[in-house]
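As provided, target06.pdb (PDB, C-alpha atoms) reads as follows.
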```pdb
ATOM      1  CA  MET A   1      76.671 -49.846   9.925
ATOM      2  CA  SER A   2      74.085 -52.646  10.334
ATOM      3  CA  LEU A   3      74.697 -56.312   9.630
ATOM      4  CA  HIS A   4      72.052 -56.148   6.860
ATOM      5  CA  SER A   5      73.889 -53.455   4.895
ATOM      6  CA  ARG A   6      76.963 -55.514   3.999
ATOM      7  CA  PRO A   7      75.358 -58.273   1.877
ATOM      8  CA  ALA A   8      73.152 -55.694   0.184
ATOM      9  CA  ARG A   9      76.125 -53.982  -1.474
ATOM     10  CA  PRO A  10      76.827 -56.588  -4.218
ATOM     11  CA  PHE A  11      73.108 -56.900  -4.960
ATOM     12  CA  LEU A  12      72.676 -53.126  -5.119
ATOM     13  CA  ALA A  13      75.671 -52.776  -7.435
ATOM     14  CA  ARG A  14      74.339 -55.460  -9.763
ATOM     15  CA  PHE A  15      70.877 -53.864  -9.714
ATOM     16  CA  LEU A  16      72.214 -50.411 -10.573
ATOM     17  CA  ALA A  17      74.420 -51.839 -13.325
ATOM     18  CA  ALA A  18      71.456 -53.655 -14.855
ATOM     19  CA  CYS A  19      69.367 -50.472 -14.783
ATOM     20  CA  ALA A  20      72.148 -48.499 -16.458
ATOM     21  CA  ALA A  21      72.545 -51.119 -19.182
ATOM     22  CA  ALA A  22      68.816 -51.138 -19.819
ATOM     23  CA  CYS A  23      68.720 -47.353 -20.053
ATOM     24  CA  VAL A  24      71.650 -47.340 -22.480
ATOM     25  CA  GLY A  25      69.929 -50.012 -24.546
ATOM     26  CA  VAL A  26      66.743 -47.956 -24.756
ATOM     27  CA  ALA A  27      68.645 -44.848 -25.824
ATOM     28  CA  VAL A  28      70.832 -46.574 -28.393
ATOM     29  CA  ALA A  29      68.290 -48.882 -30.041
ATOM     30  CA  PRO A  30      66.427 -46.222 -32.097
ATOM     31  CA  ALA A  31      69.677 -44.578 -33.179
ATOM     32  CA  ALA A  32      71.065 -47.933 -34.267
ATOM     33  CA  ALA A  33      67.880 -48.697 -36.187
ATOM     34  CA  GLN A  34      67.940 -45.334 -37.922
ATOM     35  CA  SER A  35      71.647 -45.567 -38.767
ATOM     36  CA  ALA A  36      70.976 -48.963 -40.361
ATOM     37  CA  TYR A  37      68.439 -47.494 -42.808
ATOM     38  CA  PRO A  38      67.759 -48.947 -45.263
ATOM     39  CA  ASP A  39      67.963 -52.601 -44.223
ATOM     40  CA  LYS A  40      65.429 -53.853 -46.787
ATOM     41  CA  PRO A  41      64.248 -52.861 -50.299
ATOM     42  CA  VAL A  42      62.657 -49.442 -50.755
ATOM     43  CA  ARG A  43      59.625 -48.982 -52.994
ATOM     44  CA  VAL A  44      59.479 -45.880 -55.215
ATOM     45  CA  ILE A  45      55.926 -45.291 -56.429
ATOM     46  CA  ILE A  46      55.267 -43.142 -59.504
ATOM     47  CA  GLY A  47      51.968 -42.034 -61.017
ATOM     48  CA  PHE A  48      52.808 -42.681 -64.659
ATOM     49  CA  GLY A  49      53.469 -45.692 -66.858
ATOM     50  CA  PRO A  50      56.743 -47.265 -67.993
ATOM     51  CA  GLY A  51      58.672 -45.177 -70.502
ATOM     52  CA  SER A  52      57.326 -41.842 -69.269
ATOM     53  CA  GLY A  53      59.730 -39.079 -68.294
ATOM     54  CA  THR A  54      59.000 -39.630 -64.614
ATOM     55  CA  ASP A  55      59.552 -43.368 -65.003
ATOM     56  CA  ILE A  56      62.927 -42.815 -66.677
ATOM     57  CA  LEU A  57      64.030 -40.518 -63.851
ATOM     58  CA  ALA A  58      62.753 -42.895 -61.170
ATOM     59  CA  ARG A  59      64.747 -45.822 -62.557
ATOM     60  CA  LEU A  60      67.872 -43.716 -62.948
ATOM     61  CA  ILE A  61      67.640 -42.294 -59.431
ATOM     62  CA  GLY A  62      66.666 -45.678 -58.007
ATOM     63  CA  GLU A  63      69.822 -47.264 -59.390
ATOM     64  CA  GLU A  64      71.958 -44.467 -57.939
ATOM     65  CA  MET A  65      70.322 -44.819 -54.517
ATOM     66  CA  ARG A  66      70.818 -48.601 -54.595
ATOM     67  CA  ALA A  67      74.513 -48.200 -55.343
ATOM     68  CA  ALA A  68      74.951 -45.681 -52.532
ATOM     69  CA  LEU A  69      72.761 -47.254 -49.836
ATOM     70  CA  GLY A  70      73.101 -50.957 -50.584
ATOM     71  CA  GLN A  71      69.417 -51.852 -50.961
ATOM     72  CA  PRO A  72      67.197 -52.100 -54.066
ATOM     73  CA  PHE A  73      65.004 -49.092 -54.844
ATOM     74  CA  VAL A  74      62.163 -50.753 -56.749
ATOM     75  CA  VAL A  75      60.037 -48.607 -59.101
ATOM     76  CA  ASP A  76      56.316 -49.279 -58.711
ATOM     77  CA  ASN A  77      54.220 -47.805 -61.570
ATOM     78  CA  ARG A  78      50.707 -46.780 -60.456
ATOM     79  CA  PRO A  79      49.330 -44.799 -63.427
ATOM     80  CA  GLY A  80      45.846 -43.350 -63.544
ATOM     81  CA  ALA A  81      43.647 -40.485 -62.377
ATOM     82  CA  ALA A  82      46.356 -37.870 -63.016
ATOM     83  CA  ALA A  83      48.679 -39.497 -60.444
ATOM     84  CA  GLN A  84      46.003 -39.509 -57.725
ATOM     85  CA  ILE A  85      46.225 -43.297 -57.290
ATOM     86  CA  ALA A  86      49.961 -43.190 -56.670
ATOM     87  CA  ALA A  87      49.801 -40.134 -54.420
ATOM     88  CA  THR A  88      47.100 -41.688 -52.251
ATOM     89  CA  ALA A  89      49.056 -44.936 -51.878
ATOM     90  CA  VAL A  90      52.102 -43.054 -50.587
ATOM     91  CA  ALA A  91      50.094 -40.751 -48.322
ATOM     92  CA  LYS A  92      48.609 -43.825 -46.595
ATOM     93  CA  ALA A  93      51.874 -45.783 -46.372
ATOM     94  CA  PRO A  94      53.889 -46.173 -43.144
ATOM     95  CA  ALA A  95      56.221 -43.209 -42.631
ATOM     96  CA  ASP A  96      59.325 -45.371 -42.228
ATOM     97  CA  GLY A  97      61.196 -44.424 -45.402
ATOM     98  CA  TYR A  98      60.448 -47.671 -47.234
ATOM     99  CA  THR A  99      57.734 -46.189 -49.448
ATOM    100  CA  LEU A 100      58.701 -43.111 -51.460
ATOM    101  CA  PHE A 101      57.007 -41.030 -54.151
ATOM    102  CA  LEU A 102      58.841 -39.675 -57.185
ATOM    103  CA  THR A 103      56.362 -37.315 -58.756
ATOM    104  CA  SER A 104      55.784 -34.104 -60.659
ATOM    105  CA  ASN A 105      53.580 -31.062 -60.475
ATOM    106  CA  SER A 106      50.655 -33.167 -61.740
ATOM    107  CA  SER A 107      49.998 -34.502 -58.245
ATOM    108  CA  HIS A 108      51.184 -31.544 -56.179
ATOM    109  CA  SER A 109      50.623 -28.362 -58.221
ATOM    110  CA  VAL A 110      47.851 -29.096 -60.716
ATOM    111  CA  ASN A 111      45.421 -31.617 -59.213
ATOM    112  CA  PRO A 112      44.535 -29.473 -56.178
ATOM    113  CA  HIS A 113      43.129 -26.846 -58.581
ATOM    114  CA  LEU A 114      41.474 -29.178 -61.084
ATOM    115  CA  PHE A 115      39.573 -31.382 -58.627
ATOM    116  CA  ARG A 116      37.223 -30.158 -55.917
ATOM    117  CA  LYS A 117      38.090 -33.122 -53.696
ATOM    118  CA  LEU A 118      41.344 -35.069 -53.560
ATOM    119  CA  PRO A 119      42.020 -38.204 -51.494
ATOM    120  CA  TYR A 120      45.252 -36.603 -50.268
ATOM    121  CA  ASP A 121      46.645 -33.222 -49.212
ATOM    122  CA  PRO A 122      49.688 -32.230 -51.324
ATOM    123  CA  ILE A 123      51.349 -30.455 -48.377
ATOM    124  CA  ALA A 124      50.144 -32.089 -45.160
ATOM    125  CA  ASP A 125      50.355 -35.717 -46.313
ATOM    126  CA  PHE A 126      53.967 -35.758 -47.544
ATOM    127  CA  THR A 127      57.553 -35.234 -46.426
ATOM    128  CA  PRO A 128      59.567 -33.370 -49.092
ATOM    129  CA  ILE A 129      63.012 -34.923 -49.631
ATOM    130  CA  GLY A 130      64.578 -33.114 -52.594
ATOM    131  CA  GLY A 131      64.148 -31.717 -56.091
ATOM    132  CA  ILE A 132      65.429 -33.634 -59.113
ATOM    133  CA  ALA A 133      64.753 -32.046 -62.512
ATOM    134  CA  TYR A 134      62.511 -29.923 -64.703
ATOM    135  CA  PHE A 135      60.904 -31.033 -67.947
ATOM    136  CA  PRO A 136      60.683 -27.672 -69.772
ATOM    137  CA  PHE A 137      57.494 -26.857 -71.672
ATOM    138  CA  ILE A 138      57.629 -25.119 -75.030
ATOM    139  CA  LEU A 139      55.092 -23.219 -77.095
ATOM    140  CA  ALA A 140      55.226 -24.933 -80.499
ATOM    141  CA  VAL A 141      53.373 -24.524 -83.793
ATOM    142  CA  ASN A 142      52.855 -26.383 -87.023
ATOM    143  CA  ALA A 143      55.948 -25.550 -89.066
ATOM    144  CA  ALA A 144      53.762 -24.419 -91.976
ATOM    145  CA  LEU A 145      52.498 -21.429 -89.976
ATOM    146  CA  PRO A 146      54.225 -18.164 -90.987
ATOM    147  CA  VAL A 147      55.478 -17.442 -87.460
ATOM    148  CA  ARG A 148      58.909 -17.789 -85.885
ATOM    149  CA  THR A 149      58.642 -15.823 -82.635
ATOM    150  CA  PRO A 150      56.058 -15.524 -79.861
ATOM    151  CA  GLN A 151      55.270 -11.967 -81.006
ATOM    152  CA  GLU A 152      54.634 -13.123 -84.582
ATOM    153  CA  PHE A 153      52.437 -15.887 -83.212
ATOM    154  CA  VAL A 154      50.273 -13.390 -81.311
ATOM    155  CA  THR A 155      49.970 -11.198 -84.425
ATOM    156  CA  TYR A 156      48.955 -14.216 -86.506
ATOM    157  CA  ALA A 157      46.466 -15.386 -83.884
ATOM    158  CA  ASN A 158      44.877 -11.934 -83.680
ATOM    159  CA  ALA A 159      44.466 -11.905 -87.460
ATOM    160  CA  ASN A 160      42.789 -15.321 -87.234
ATOM    161  CA  ARG A 161      40.846 -14.767 -84.030
ATOM    162  CA  GLY A 162      38.495 -17.649 -83.231
ATOM    163  CA  LYS A 163      39.949 -19.872 -85.957
ATOM    164  CA  LEU A 164      42.868 -21.437 -84.105
ATOM    165  CA  PHE A 165      42.907 -24.732 -82.208
ATOM    166  CA  TYR A 166      45.410 -25.899 -79.611
ATOM    167  CA  ALA A 167      45.950 -29.552 -78.741
ATOM    168  CA  TYR A 168      46.771 -30.947 -75.314
ATOM    169  CA  GLY A 169      47.452 -34.435 -74.021
ATOM    170  CA  THR A 170      47.405 -33.806 -70.245
ATOM    171  CA  PRO A 171      45.888 -31.215 -67.911
ATOM    172  CA  THR A 172      49.422 -30.066 -67.061
ATOM    173  CA  VAL A 173      49.980 -28.755 -70.596
ATOM    174  CA  GLN A 174      46.356 -27.734 -71.076
ATOM    175  CA  ILE A 175      46.697 -25.065 -68.400
ATOM    176  CA  PRO A 176      49.541 -23.012 -69.925
ATOM    177  CA  ALA A 177      47.980 -23.243 -73.402
ATOM    178  CA  ALA A 178      44.565 -22.166 -72.131
ATOM    179  CA  ALA A 179      46.115 -19.429 -70.007
ATOM    180  CA  LEU A 180      48.011 -18.059 -73.009
ATOM    181  CA  SER A 181      44.863 -18.056 -75.112
ATOM    182  CA  ARG A 182      42.854 -16.246 -72.474
ATOM    183  CA  LEU A 183      45.509 -13.777 -71.278
ATOM    184  CA  LEU A 184      46.382 -12.775 -74.847
ATOM    185  CA  ARG A 185      42.705 -12.842 -75.953
ATOM    186  CA  LEU A 186      43.418 -15.268 -78.781
ATOM    187  CA  ASP A 187      40.016 -17.001 -78.557
ATOM    188  CA  ALA A 188      41.668 -20.318 -79.475
ATOM    189  CA  VAL A 189      39.755 -23.559 -78.870
ATOM    190  CA  GLY A 190      41.334 -26.406 -76.900
ATOM    191  CA  VAL A 191      41.133 -29.971 -78.208
ATOM    192  CA  PRO A 192      41.878 -32.805 -75.713
ATOM    193  CA  TYR A 193      43.856 -35.930 -76.601
ATOM    194  CA  LYS A 194      44.710 -39.058 -74.649
ATOM    195  CA  SER A 195      48.425 -38.320 -74.725
ATOM    196  CA  SER A 196      51.000 -35.776 -75.836
ATOM    197  CA  PRO A 197      52.158 -37.910 -78.815
ATOM    198  CA  ALA A 198      48.604 -37.917 -80.194
ATOM    199  CA  ALA A 199      48.336 -34.148 -79.708
ATOM    200  CA  LEU A 200      51.650 -33.642 -81.484
ATOM    201  CA  THR A 201      50.502 -35.785 -84.412
ATOM    202  CA  ASP A 202      47.468 -33.592 -85.025
ATOM    203  CA  VAL A 203      49.412 -30.330 -84.743
ATOM    204  CA  ILE A 204      51.887 -31.668 -87.292
ATOM    205  CA  GLY A 205      48.981 -32.805 -89.459
ATOM    206  CA  GLY A 206      47.332 -29.392 -89.326
ATOM    207  CA  GLN A 207      44.188 -30.373 -87.395
ATOM    208  CA  ALA A 208      45.391 -27.998 -84.644
ATOM    209  CA  GLN A 209      47.773 -25.089 -85.010
ATOM    210  CA  PHE A 210      49.684 -25.005 -81.735
ATOM    211  CA  LEU A 211      50.270 -26.633 -78.382
ATOM    212  CA  VAL A 212      52.290 -26.425 -75.210
ATOM    213  CA  VAL A 213      54.279 -29.633 -74.748
ATOM    214  CA  ASP A 214      57.335 -30.905 -72.911
ATOM    215  CA  LEU A 215      60.547 -30.474 -74.829
ATOM    216  CA  ALA A 216      61.407 -34.172 -74.500
ATOM    217  CA  SER A 217      58.284 -35.280 -76.404
ATOM    218  CA  ALA A 218      58.690 -32.601 -79.081
ATOM    219  CA  ARG A 219      62.382 -33.120 -79.833
ATOM    220  CA  PRO A 220      62.060 -35.632 -82.717
ATOM    221  CA  HIS A 221      59.482 -33.445 -84.495
ATOM    222  CA  LEU A 222      61.560 -30.308 -84.001
ATOM    223  CA  ALA A 223      64.550 -32.109 -85.476
ATOM    224  CA  SER A 224      62.525 -33.257 -88.491
ATOM    225  CA  GLY A 225      61.328 -29.697 -89.161
ATOM    226  CA  LYS A 226      57.639 -30.592 -88.866
ATOM    227  CA  LEU A 227      57.234 -28.609 -85.659
ATOM    228  CA  ARG A 228      58.619 -25.197 -84.704
ATOM    229  CA  ALA A 229      59.395 -24.129 -81.140
ATOM    230  CA  LEU A 230      58.721 -20.470 -80.335
ATOM    231  CA  GLY A 231      59.527 -20.134 -76.637
ATOM    232  CA  VAL A 232      59.687 -21.790 -73.221
ATOM    233  CA  THR A 233      57.124 -21.391 -70.446
ATOM    234  CA  THR A 234      59.673 -21.185 -67.615
ATOM    235  CA  SER A 235      60.815 -17.928 -66.028
ATOM    236  CA  LYS A 236      64.398 -18.560 -67.183
ATOM    237  CA  ARG A 237      65.736 -19.925 -70.443
ATOM    238  CA  SER A 238      66.355 -23.660 -70.468
ATOM    239  CA  GLY A 239      69.870 -25.034 -70.720
ATOM    240  CA  LEU A 240      68.447 -27.686 -73.054
ATOM    241  CA  ALA A 241      67.323 -25.031 -75.551
ATOM    242  CA  PRO A 242      69.207 -21.827 -74.681
ATOM    243  CA  ASP A 243      68.262 -20.092 -77.931
ATOM    244  CA  LEU A 244      64.548 -20.215 -77.117
ATOM    245  CA  PRO A 245      63.270 -17.063 -75.356
ATOM    246  CA  THR A 246      60.845 -17.213 -72.463
ATOM    247  CA  ILE A 247      57.175 -16.331 -72.794
ATOM    248  CA  GLU A 248      57.691 -13.874 -69.937
ATOM    249  CA  GLU A 249      60.434 -11.903 -71.656
ATOM    250  CA  THR A 250      58.821 -11.823 -75.102
ATOM    251  CA  LEU A 251      55.141 -11.294 -74.300
ATOM    252  CA  GLY A 252      55.393  -9.434 -71.004
ATOM    253  CA  LEU A 253      53.408 -11.981 -68.985
ATOM    254  CA  ARG A 254      54.316 -11.995 -65.300
ATOM    255  CA  ASP A 255      54.936 -15.187 -63.284
ATOM    256  CA  PHE A 256      54.528 -17.403 -66.325
ATOM    257  CA  ASP A 257      56.778 -20.061 -64.790
ATOM    258  CA  LEU A 258      55.178 -23.340 -65.764
ATOM    259  CA  ALA A 259      57.138 -26.556 -66.196
ATOM    260  CA  ALA A 260      56.972 -30.163 -65.117
ATOM    261  CA  TRP A 261      59.166 -30.235 -62.034
ATOM    262  CA  THR A 262      60.029 -33.572 -60.448
ATOM    263  CA  GLY A 263      61.056 -34.424 -56.914
ATOM    264  CA  LEU A 264      61.155 -37.085 -54.229
ATOM    265  CA  PHE A 265      58.732 -37.337 -51.279
ATOM    266  CA  GLY A 266      57.921 -39.691 -48.449
ATOM    267  CA  PRO A 267      54.760 -39.944 -46.357
ATOM    268  CA  ALA A 268      54.201 -37.260 -43.724
ATOM    269  CA  GLY A 269      55.994 -37.797 -40.430
ATOM    270  CA  MET A 270      59.048 -39.599 -41.784
ATOM    271  CA  PRO A 271      61.986 -39.668 -39.304
ATOM    272  CA  ARG A 272      64.278 -36.682 -39.791
ATOM    273  CA  GLU A 273      67.379 -38.888 -39.873
ATOM    274  CA  VAL A 274      65.928 -40.974 -42.718
ATOM    275  CA  THR A 275      64.851 -37.872 -44.655
ATOM    276  CA  GLU A 276      68.294 -36.314 -44.259
ATOM    277  CA  ARG A 277      70.062 -39.465 -45.412
ATOM    278  CA  LEU A 278      67.866 -39.794 -48.494
ATOM    279  CA  ALA A 279      68.253 -36.080 -49.306
ATOM    280  CA  ALA A 280      72.032 -36.194 -49.009
ATOM    281  CA  THR A 281      72.256 -39.329 -51.161
ATOM    282  CA  LEU A 282      70.003 -37.764 -53.798
ATOM    283  CA  LEU A 283      72.116 -34.604 -53.976
ATOM    284  CA  GLN A 284      75.308 -36.653 -54.259
ATOM    285  CA  ALA A 285      73.818 -38.634 -57.152
ATOM    286  CA  LEU A 286      72.658 -35.517 -58.993
ATOM    287  CA  ALA A 287      76.117 -33.958 -58.624
ATOM    288  CA  ARG A 288      77.697 -36.717 -60.711
ATOM    289  CA  PRO A 289      78.351 -35.550 -64.313
ATOM    290  CA  GLU A 290      77.284 -38.876 -65.820
ATOM    291  CA  VAL A 291      73.941 -38.746 -63.993
ATOM    292  CA  ARG A 292      73.311 -35.184 -65.153
ATOM    293  CA  GLU A 293      74.130 -36.186 -68.719
ATOM    294  CA  ARG A 294      71.638 -39.055 -68.606
ATOM    295  CA  ILE A 295      68.934 -36.769 -67.239
ATOM    296  CA  GLN A 296      69.580 -34.255 -70.020
ATOM    297  CA  ALA A 297      69.511 -37.060 -72.589
ATOM    298  CA  ALA A 298      66.001 -37.846 -71.322
ATOM    299  CA  GLY A 299      64.955 -34.267 -72.139
ATOM    300  CA  ALA A 300      65.035 -32.948 -68.589
ATOM    301  CA  GLU A 301      67.088 -30.241 -66.918
ATOM    302  CA  PRO A 302      68.723 -31.260 -63.612
ATOM    303  CA  THR A 303      67.586 -28.978 -60.786
ATOM    304  CA  PRO A 304      68.884 -30.582 -57.587
ATOM    305  CA  SER A 305      67.673 -28.937 -54.396
ATOM    306  CA  ASP A 306      67.846 -29.704 -50.701
ATOM    307  CA  THR A 307      64.829 -30.468 -48.569
ATOM    308  CA  GLY A 308      64.080 -26.901 -47.495
ATOM    309  CA  THR A 309      64.469 -25.437 -50.980
ATOM    310  CA  PHE A 310      62.342 -28.179 -52.483
ATOM    311  CA  ALA A 311      59.580 -27.718 -49.885
ATOM    312  CA  ALA A 312      59.482 -23.995 -50.709
ATOM    313  CA  LEU A 313      59.295 -24.782 -54.439
ATOM    314  CA  VAL A 314      56.337 -27.111 -53.905
ATOM    315  CA  ARG A 315      54.406 -24.453 -52.000
ATOM    316  CA  ARG A 316      55.267 -21.734 -54.511
ATOM    317  CA  GLN A 317      54.329 -23.861 -57.511
ATOM    318  CA  LEU A 318      51.014 -24.769 -55.894
ATOM    319  CA  GLU A 319      50.159 -21.054 -55.742
ATOM    320  CA  ILE A 320      51.430 -20.309 -59.262
ATOM    321  CA  TRP A 321      49.471 -23.130 -60.880
ATOM    322  CA  GLY A 322      46.387 -22.058 -58.961
ATOM    323  CA  ARG A 323      46.610 -18.606 -60.507
ATOM    324  CA  LYS A 324      47.173 -20.071 -63.956
ATOM    325  CA  VAL A 325      44.147 -22.360 -63.646
ATOM    326  CA  SER A 326      42.148 -19.237 -62.806
ATOM    327  CA  ASP A 327      43.761 -17.363 -65.702
ATOM    328  CA  ALA A 328      42.822 -20.225 -68.013
ATOM    329  CA  GLY A 329      39.205 -20.119 -66.888
ATOM    330  CA  ILE A 330      39.173 -23.827 -66.016
ATOM    331  CA  THR A 331      36.480 -24.870 -63.553
ATOM    332  CA  PRO A 332      37.470 -27.606 -61.052
ATOM    333  CA  GLU A 333      35.664 -30.922 -61.460
TER     334      GLU A 333
END
```

Structure encoded using structure tokens:
Amino acid sequence: MSLHSRPARPFLARFLAACAAACVGVAVAPAAAQSAYPDKPVRVIIGFGPGSGTDILARLIGEEMRAALGQPFVVDNRPGAAAQIAATAVAKAPADGYTLFLTSNSSHSVNPHLFRKLPYDPIADFTPIGGIAYFPFILAVNAALPVRTPQEFVTYANANRGKLFYAYGTPTVQIPAAALSRLLRLDAVGVPYKSSPAALTDVIGGQAQFLVVDLASARPHLASGKLRALGVTTSKRSGLAPDLPTIEETLGLRDFDLAAWTGLFGPAGMPREVTERLAATLLQALARPEVRERIQAAGAEPTPSDTGTFAALVRRQLEIWGRKVSDAGITPE
């Protein structure tokens, strides 16, 4: 052994130890950062104004996430352009889990078929996290009409072909109403309104005879007896109105599964660990009886789903709404 080899041993040992520490630091740092998520407030963007069904859900879920994860989940209302403004903001946000999107089928199922060009891609630009709830749609009529079932409604409409009007406050409820009119050859004329409450007012007043509307908005008028619900537009009966039959089962229409689903997304490319933590926390919140009761009180039906199930729902609903837009004869803008 040479004279030069002896003093080199302590230096070599220190050098190797330093390299090992550095390597460990590099490996551990990302994991530590991810395990610390969230370490600052999280913004939850929605495409509708305060007081809307989506807004109510976002604030409820945000409070549950804050309690579980220890950071504020701040609701950021970005209404306008059928949720396009909000969707675009999230699609362009950093994919770090600090900007989320609580949305409905307006942005992800309907817009792609109503607009020739969108500033976002509903599949490629987002990371699905989990499903939250459905807002069931109902077929409802002015209570003065002599109909109490979907079949009686079709008979009445055929006897008054070309004389009926349906009201709608959003494109999401326009599509099922227009599809019903066209598929059943009712020749009804659609009348647009700025909101569902305005559409409901004119159906109750007799300016229009029927509409498709979310159950939450219609509830007070159903209770007062001014409006009559005939059926739901989902493939299964709603737990919020179990006595109402489905349009599918009563009128024999296939794949007539149209409702306002809601779910949570992040921008595309979000870290898997962050997505999994958010998804698990969301499912835990939706499993709590008091949370489910509050969602039902808001007129929605809890439909919690994991990331994979929710992603499949989003793709399936995109196809279904595309067919219904075609059925309704609506030309994209």

Identify which of the residues A:Ala312, A:Glu152, A:Asn160, A:Pro267 lies closest to Thr250 of chain A, counting only C-alpha atoms when measuring atom-to-atom distances. A:Glu152

Using only C-alpha atoms, which residues sit within 10 Å of Val154 of chain A once same-chain residues fewer than 3 positions away are excluded, as a PyMOL selection string? chain A and resi 147+149-151+157-161+180-181+184-186+251

Would you write out those residues with C-alpha atoms, as an mmCIF file, keeping the file's coordinate frame?
```
data_model
loop_
_atom_site.group_PDB
_atom_site.id
_atom_site.type_symbol
_atom_site.label_atom_id
_atom_site.label_comp_id
_atom_site.auth_asym_id
_atom_site.auth_seq_id
_atom_site.Cartn_x
_atom_site.Cartn_y
_atom_site.Cartn_z
ATOM 1 C CA VAL A 147 55.478 -17.442 -87.460
ATOM 2 C CA THR A 149 58.642 -15.823 -82.635
ATOM 3 C CA PRO A 150 56.058 -15.524 -79.861
ATOM 4 C CA GLN A 151 55.270 -11.967 -81.006
ATOM 5 C CA ALA A 157 46.466 -15.386 -83.884
ATOM 6 C CA ASN A 158 44.877 -11.934 -83.680
ATOM 7 C CA ALA A 159 44.466 -11.905 -87.460
ATOM 8 C CA ASN A 160 42.789 -15.321 -87.234
ATOM 9 C CA ARG A 161 40.846 -14.767 -84.030
ATOM 10 C CA LEU A 180 48.011 -18.059 -73.009
ATOM 11 C CA SER A 181 44.863 -18.056 -75.112
ATOM 12 C CA LEU A 184 46.382 -12.775 -74.847
ATOM 13 C CA ARG A 185 42.705 -12.842 -75.953
ATOM 14 C CA LEU A 186 43.418 -15.268 -78.781
ATOM 15 C CA LEU A 251 55.141 -11.294 -74.300
#
```

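If you measure from each of A:Thr275, A:Ser238, A:Gln296, A:Ser195 to Ala95 of chain A using all atoms listed in the file, the closest one turns out to be A:Thr275.
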
Would you mind reading off the distance between atom CA of Ala260 of chain A and atom CA of Thr155 of chain A, one decimal, in Å? 28.0 Å

Can you tell me which residues surround Ile132 of chain A at a distance of at most 12 Å, considering all atoms listed in the file, apart from same-chain residues fewer than 4 positions away, and format the answer as a PyMOL selection string? chain A and resi 54+57-58+60-61+102-104+128+260-265+279+281-287+291-292+295-296+300-307+309-310+313

Quick one: write out the picked residues with C-alpha atoms as a compact mmCIF listing (two decimals), in the frame of the given file?
```txt
# COMPACT_ATOMS: atom_id res chain seq x y z
CA THR A 54 59.00 -39.63 -64.61
CA LEU A 57 64.03 -40.52 -63.85
CA ALA A 58 62.75 -42.90 -61.17
CA LEU A 60 67.87 -43.72 -62.95
CA ILE A 61 67.64 -42.29 -59.43
CA LEU A 102 58.84 -39.67 -57.18
CA THR A 103 56.36 -37.32 -58.76
CA SER A 104 55.78 -34.10 -60.66
CA PRO A 128 59.57 -33.37 -49.09
CA ALA A 260 56.97 -30.16 -65.12
CA TRP A 261 59.17 -30.24 -62.03
CA THR A 262 60.03 -33.57 -60.45
CA GLY A 263 61.06 -34.42 -56.91
CA LEU A 264 61.16 -37.08 -54.23
CA PHE A 265 58.73 -37.34 -51.28
CA ALA A 279 68.25 -36.08 -49.31
CA THR A 281 72.26 -39.33 -51.16
CA LEU A 282 70.00 -37.76 -53.80
CA LEU A 283 72.12 -34.60 -53.98
CA GLN A 284 75.31 -36.65 -54.26
CA ALA A 285 73.82 -38.63 -57.15
CA LEU A 286 72.66 -35.52 -58.99
CA ALA A 287 76.12 -33.96 -58.62
CA VAL A 291 73.94 -38.75 -63.99
CA ARG A 292 73.31 -35.18 -65.15
CA ILE A 295 68.93 -36.77 -67.24
CA GLN A 296 69.58 -34.26 -70.02
CA ALA A 300 65.04 -32.95 -68.59
CA GLU A 301 67.09 -30.24 -66.92
CA PRO A 302 68.72 -31.26 -63.61
CA THR A 303 67.59 -28.98 -60.79
CA PRO A 304 68.88 -30.58 -57.59
CA SER A 305 67.67 -28.94 -54.40
CA ASP A 306 67.85 -29.70 -50.70
CA THR A 307 64.83 -30.47 -48.57
CA THR A 309 64.47 -25.44 -50.98
CA PHE A 310 62.34 -28.18 -52.48
CA LEU A 313 59.30 -24.78 -54.44
```

Looking at A:Pro245, A:Gly205, A:Gly53, A:Gly329, which one is nearest to Phe135 of chain A, with distances taken over all atoms listed in the file?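 So, comparing all the options, the nearest one is A:Gly53.
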